[in-house]
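Read the structure below first, then the notes.
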Amino acid sequence: MFRIAIVSGIALFTVVAANAGQIQIGGANGLTASTVTGAGCSTGGPCTEQGYVPVMFQSAPVSPPVAPAAGTLVDALGDGGSGVTFSKLNDTGNFWDLPTSTVSASLLTVPIGVFGVTDVWTMINDIEATKANDVSVIFNFGTSATVTSDSLTVKLGNADGVSATGQVRNALVCNSGCAESSQVGLTSGNVINGVTVDADNVWSQSFACPPPALGPPTSLNAAVAPCGTAYLDDQGFFFNGVSVGAGLTNLNTYLVSVQVKEIATAGGGAGLSAITIDAGAPTPEPSTVLLFVAGLGVVGLGRLRKRT
């Protein structure tokens with residue numbers, strides 16, 4: 001009986017410890033207003049929920065592009081080919097719009113509070129980039145789930161022809177009529193401030209443009225060949241045991257929060273659609289540990305009495 005009780009206790013402990021892996025922040029509904037601190041920017045801004053059409057894909061010559069259906073989006077190539085699943089924002093909009101500001105940078109905070117996070121995946125696109133680096137992602141770590149003791153800042157390069165490498169790009173590219181007419185490709189394996197950053201495409205849709213003199217396409221006015229593409233991309237941040245101060249790393253601390261910062265003072269700003277994190281085995285719940293230890297104690301006491 002003693003041996004069986006130990007196995008049962010270990011099984012319970014294993015179930016709790018194995019509850020790790022990919023976590024879609026905000027659950028099935030994504031980054032709703034209740035998930036984001038203050039439901040807006042702490043500085044700059046205000047950050048607001050907006051729709052892909054028409055804000056993210058602004059200035060599109062025609063409509064479509066059409067936003068992807070509700071539910072989840074998957075980067076099949078992400079996380080070394082294991083795939084990354086994102087929960088689409090299911091609220092009043094499709095993404096969080098971080099506007100540019102000449103007074104202070106727009107800073108959007110998303111609480112996380114998860115122990116031992118190995119990598120983080122964001123879905124960020126520029127609405128209209130203006131320089132080599134428009135967006136920074138800040139990772140706040142701490143020895144508790146809510147108090148930050150150290151931070152890592154990763155400045156993403158724009159894949160807009162200004163940067164030699166890029167991890168974020170405009171959501172809309174077209175031959176004419178929108179902010180961006182060409183971009184360099186997304187690049188992976190970039191090490192920025194000790195963090196390895198990959199970038200992939202999650203969703204895209206090409207669209208056709210009508211002859212300029214004829215206006216929007218109708219049944220009598222067929223659109224011509226594709227002249228642009230709408231993109232939704234993601235960025236993977238691999239911490240690789242990075243130091244977060246005082247002999248600590250990402251593996252033995254909590255990721256307290258993720259902040260997205262629009263640092264440009266001109267242009268159309270940036271948009272955050274979703275966040276997914278990947279965690280190792282989490283710290284077991286204190287009550288579970290106590291229950292496990294108490295169970296062993298009771299069984300041990302019973303065995304001792306039986307001997308006497």
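A note on labels: chains of the structure tokens are A, B, ... as shown, every chain counts residues from 1, and ligands are counted from 1 in their shown order.
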Near Gly271 (chain A), counting only C-alpha atoms, which residues have an atom at most 8 Å away, once you skip same-chain residues fewer than 3 positions from it, shown as an MDAnalysis selection string?
chainID A and resid 56 95:98 124:127
Limited to N, CA and C atoms, could you put the picked residues into a file as a PDB file, in the first residue's frame?
ATOM      1  N   MET A  56      -5.414  48.235 -40.395  1.00  0.00           N
ATOM      2  CA  MET A  56      -4.133  47.561 -40.619  1.00  0.00           C
ATOM      3  C   MET A  56      -3.783  47.555 -42.102  1.00  0.00           C
ATOM      4  N   PHE A  95      -6.878  43.775 -33.752  1.00  0.00           N
ATOM      5  CA  PHE A  95      -5.509  43.975 -33.279  1.00  0.00           C
ATOM      6  C   PHE A  95      -5.451  45.250 -32.450  1.00  0.00           C
ATOM      7  N   TRP A  96      -4.324  45.425 -31.725  1.00  0.00           N
ATOM      8  CA  TRP A  96      -4.090  46.645 -30.959  1.00  0.00           C
ATOM      9  C   TRP A  96      -3.240  47.600 -31.785  1.00  0.00           C
ATOM     10  N   ASP A  97      -3.761  48.781 -32.004  1.00  0.00           N
ATOM     11  CA  ASP A  97      -3.109  49.806 -32.808  1.00  0.00           C
ATOM     12  C   ASP A  97      -2.261  50.682 -31.887  1.00  0.00           C
ATOM     13  N   LEU A  98      -0.939  50.696 -32.127  1.00  0.00           N
ATOM     14  CA  LEU A  98      -0.014  51.542 -31.375  1.00  0.00           C
ATOM     15  C   LEU A  98       0.378  52.718 -32.265  1.00  0.00           C
ATOM     16  N   ILE A 124       3.217  40.914 -34.920  1.00  0.00           N
ATOM     17  CA  ILE A 124       3.345  42.367 -35.042  1.00  0.00           C
ATOM     18  C   ILE A 124       3.572  42.725 -36.502  1.00  0.00           C
ATOM     19  N   ASN A 125       2.872  43.728 -36.965  1.00  0.00           N
ATOM     20  CA  ASN A 125       3.121  44.310 -38.289  1.00  0.00           C
ATOM     21  C   ASN A 125       3.157  45.820 -38.172  1.00  0.00           C
ATOM     22  N   ASP A 126       3.979  46.446 -38.994  1.00  0.00           N
ATOM     23  CA  ASP A 126       3.902  47.894 -39.138  1.00  0.00           C
ATOM     24  C   ASP A 126       2.669  48.250 -39.958  1.00  0.00           C
ATOM     25  N   ILE A 127       2.069  49.376 -39.626  1.00  0.00           N
ATOM     26  CA  ILE A 127       1.024  49.923 -40.479  1.00  0.00           C
ATOM     27  C   ILE A 127       1.668  50.823 -41.524  1.00  0.00           C
TER      28      ILE A 127
END
Nearest residue to Gly142 (chain A) out of A:Ser204, A:Thr276, A:Thr249, A:Ser34, using only C-alpha atoms?
A:Thr249
Using only C-alpha atoms, which residues sit within 12 Å of Glu49 (chain A) once same-chain residues fewer than 2 positions away are excluded, as a VMD selection string?
chain A and resid 31 to 34 36 39 to 41 45 to 47 51 to 52 55 to 56 89 to 99 108 270 to 273
Please save C-alpha atoms of the selected residues as a CSV table (one decimal), in the first residue's frame.
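The result, stored in part-v4.csv:
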chain,number,residue,atom,x,y,z
A,31,LEU,CA,-5.7,39.9,-26.3
A,32,THR,CA,-9.0,41.4,-25.3
A,33,ALA,CA,-9.2,44.6,-23.3
A,34,SER,CA,-9.4,42.7,-20.1
A,36,VAL,CA,-4.1,44.2,-21.7
A,39,ALA,CA,-6.9,48.5,-22.0
A,40,GLY,CA,-4.6,50.9,-23.7
A,41,CYS,CA,-1.1,52.5,-23.8
A,45,GLY,CA,-1.2,56.6,-27.6
A,46,PRO,CA,-4.0,56.0,-26.9
A,47,CYS,CA,-3.7,52.4,-28.1
A,51,GLY,CA,-10.0,46.1,-37.5
A,52,TYR,CA,-7.6,44.7,-40.1
A,55,VAL,CA,-6.9,50.2,-40.4
A,56,MET,CA,-4.1,47.6,-40.6
A,89,LEU,CA,-8.5,38.7,-30.9
A,90,ASN,CA,-12.2,38.2,-30.5
A,91,ASP,CA,-13.4,41.6,-29.1
A,92,THR,CA,-14.2,44.9,-30.7
A,93,GLY,CA,-11.3,44.7,-33.1
A,94,ASN,CA,-8.7,42.4,-34.7
A,95,PHE,CA,-5.5,44.0,-33.3
A,96,TRP,CA,-4.1,46.6,-31.0
A,97,ASP,CA,-3.1,49.8,-32.8
A,98,LEU,CA,0.0,51.5,-31.4
A,99,PRO,CA,0.1,55.0,-32.9
A,108,LEU,CA,1.3,48.6,-24.6
A,270,ALA,CA,2.3,49.4,-35.5
A,271,GLY,CA,-0.2,46.7,-34.7
A,272,LEU,CA,-0.1,43.8,-32.2
A,273,SER,CA,-2.5,40.9,-33.1
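Among the candidate residues A:Ile275, A:Ala129, A:Val173, A:Ala69, the one lying nearest to Gly30 (chain A) is A:Ile275, with distances computed using only C-alpha atoms.
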Glu128 (chain A) surroundings by only C-alpha atoms, 7 Å radius, close-in-sequence under 5 positions cut, as number ranges by chain
A: 170, 179, 267-269
Selection: 12 Å around Thr143 (chain A), only C-alpha atoms, excl. self and same-chain fewer than 6 positions, as a tab-separated table (two decimals) with N, CA and C atoms, in the first residue's frame:
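Output file part-v8.tsv is given in full below:
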chain	number	residue	atom	x	y	z
A	113	GLY	N	3.13	36.56	-16.28
A	113	GLY	CA	3.16	35.87	-14.98
A	113	GLY	C	3.38	34.38	-15.07
A	114	VAL	N	4.23	33.91	-16.00
A	114	VAL	CA	4.50	32.48	-16.18
A	114	VAL	C	5.97	32.21	-15.91
A	115	PHE	N	6.25	31.11	-15.22
A	115	PHE	CA	7.60	30.74	-14.81
A	115	PHE	C	8.30	29.95	-15.92
A	116	GLY	N	9.60	30.22	-16.09
A	116	GLY	CA	10.43	29.42	-16.97
A	116	GLY	C	10.08	29.49	-18.44
A	149	SER	N	12.20	42.63	-11.98
A	149	SER	CA	13.53	42.91	-11.45
A	149	SER	C	14.54	43.20	-12.55
A	150	ASP	N	14.27	42.76	-13.78
A	150	ASP	CA	15.18	43.03	-14.89
A	150	ASP	C	14.40	42.96	-16.20
A	244	VAL	N	19.28	37.49	-16.77
A	244	VAL	CA	18.36	38.58	-16.42
A	244	VAL	C	18.73	39.17	-15.07
A	245	GLY	N	20.04	39.18	-14.77
A	245	GLY	CA	20.54	39.84	-13.57
A	245	GLY	C	20.63	38.95	-12.36
A	246	ALA	N	21.60	39.27	-11.46
A	246	ALA	CA	21.76	38.61	-10.15
A	246	ALA	C	21.89	37.09	-10.29
A	247	GLY	N	22.58	36.63	-11.34
A	247	GLY	CA	22.77	35.21	-11.54
A	247	GLY	C	21.53	34.48	-11.99
A	248	LEU	N	20.50	35.19	-12.38
A	248	LEU	CA	19.24	34.58	-12.81
A	248	LEU	C	19.17	34.52	-14.34
A	249	THR	N	18.35	33.61	-14.84
A	249	THR	CA	18.09	33.49	-16.27
A	249	THR	C	16.59	33.41	-16.49
A	250	ASN	N	16.18	33.34	-17.74
A	250	ASN	CA	14.76	33.19	-18.05
A	250	ASN	C	14.21	31.86	-17.54
A	251	LEU	N	15.08	30.88	-17.31
A	251	LEU	CA	14.63	29.55	-16.91
A	251	LEU	C	14.27	29.44	-15.43
A	252	ASN	N	14.78	30.33	-14.60
A	252	ASN	CA	14.45	30.26	-13.17
A	252	ASN	C	13.80	31.53	-12.65
A	253	THR	N	13.15	32.26	-13.56
A	253	THR	CA	12.39	33.45	-13.18
A	253	THR	C	11.03	33.43	-13.89
A	254	TYR	N	10.20	34.37	-13.49
A	254	TYR	CA	8.91	34.56	-14.16
A	254	TYR	C	9.07	35.58	-15.29
A	255	LEU	N	8.38	35.35	-16.38
A	255	LEU	CA	8.19	36.41	-17.37
A	255	LEU	C	6.98	37.20	-16.88
A	256	VAL	N	7.23	38.35	-16.31
A	256	VAL	CA	6.17	39.14	-15.68
A	256	VAL	C	5.24	39.74	-16.72
A	283	THR	N	6.64	25.99	-12.00
A	283	THR	CA	6.73	25.74	-10.58
A	283	THR	C	5.43	25.13	-10.10
Looking at A:Ser257, A:Ser82, A:Gln50, A:Asn193, which one is nearest to Gln22 (chain A), with distances taken over only C-alpha atoms?
A:Ser82
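Atom pair CA of Trp121 (chain A) / CA of Gln58 (chain A): separated by 24.5 Å.
In this model, the gap between CA of Leu186 (chain A) and CA of Leu152 (chain A) comes to 22.1 Å.
Closest approach to Gly228 (chain A) among A:Asn240, A:Ala171, A:Thr146, A:Phe139 is made by A:Ala171 (distances from only C-alpha atoms).
From CA of Gln24 (chain A) back to CA of Ser206 (chain A), the distance works out to 27.7 Å.
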Given only C-alpha atoms as the counted atoms, nearest of A:Gly236, A:Gly185, A:Thr122, A:Ile138 to Asn158 (chain A):
A:Gly185
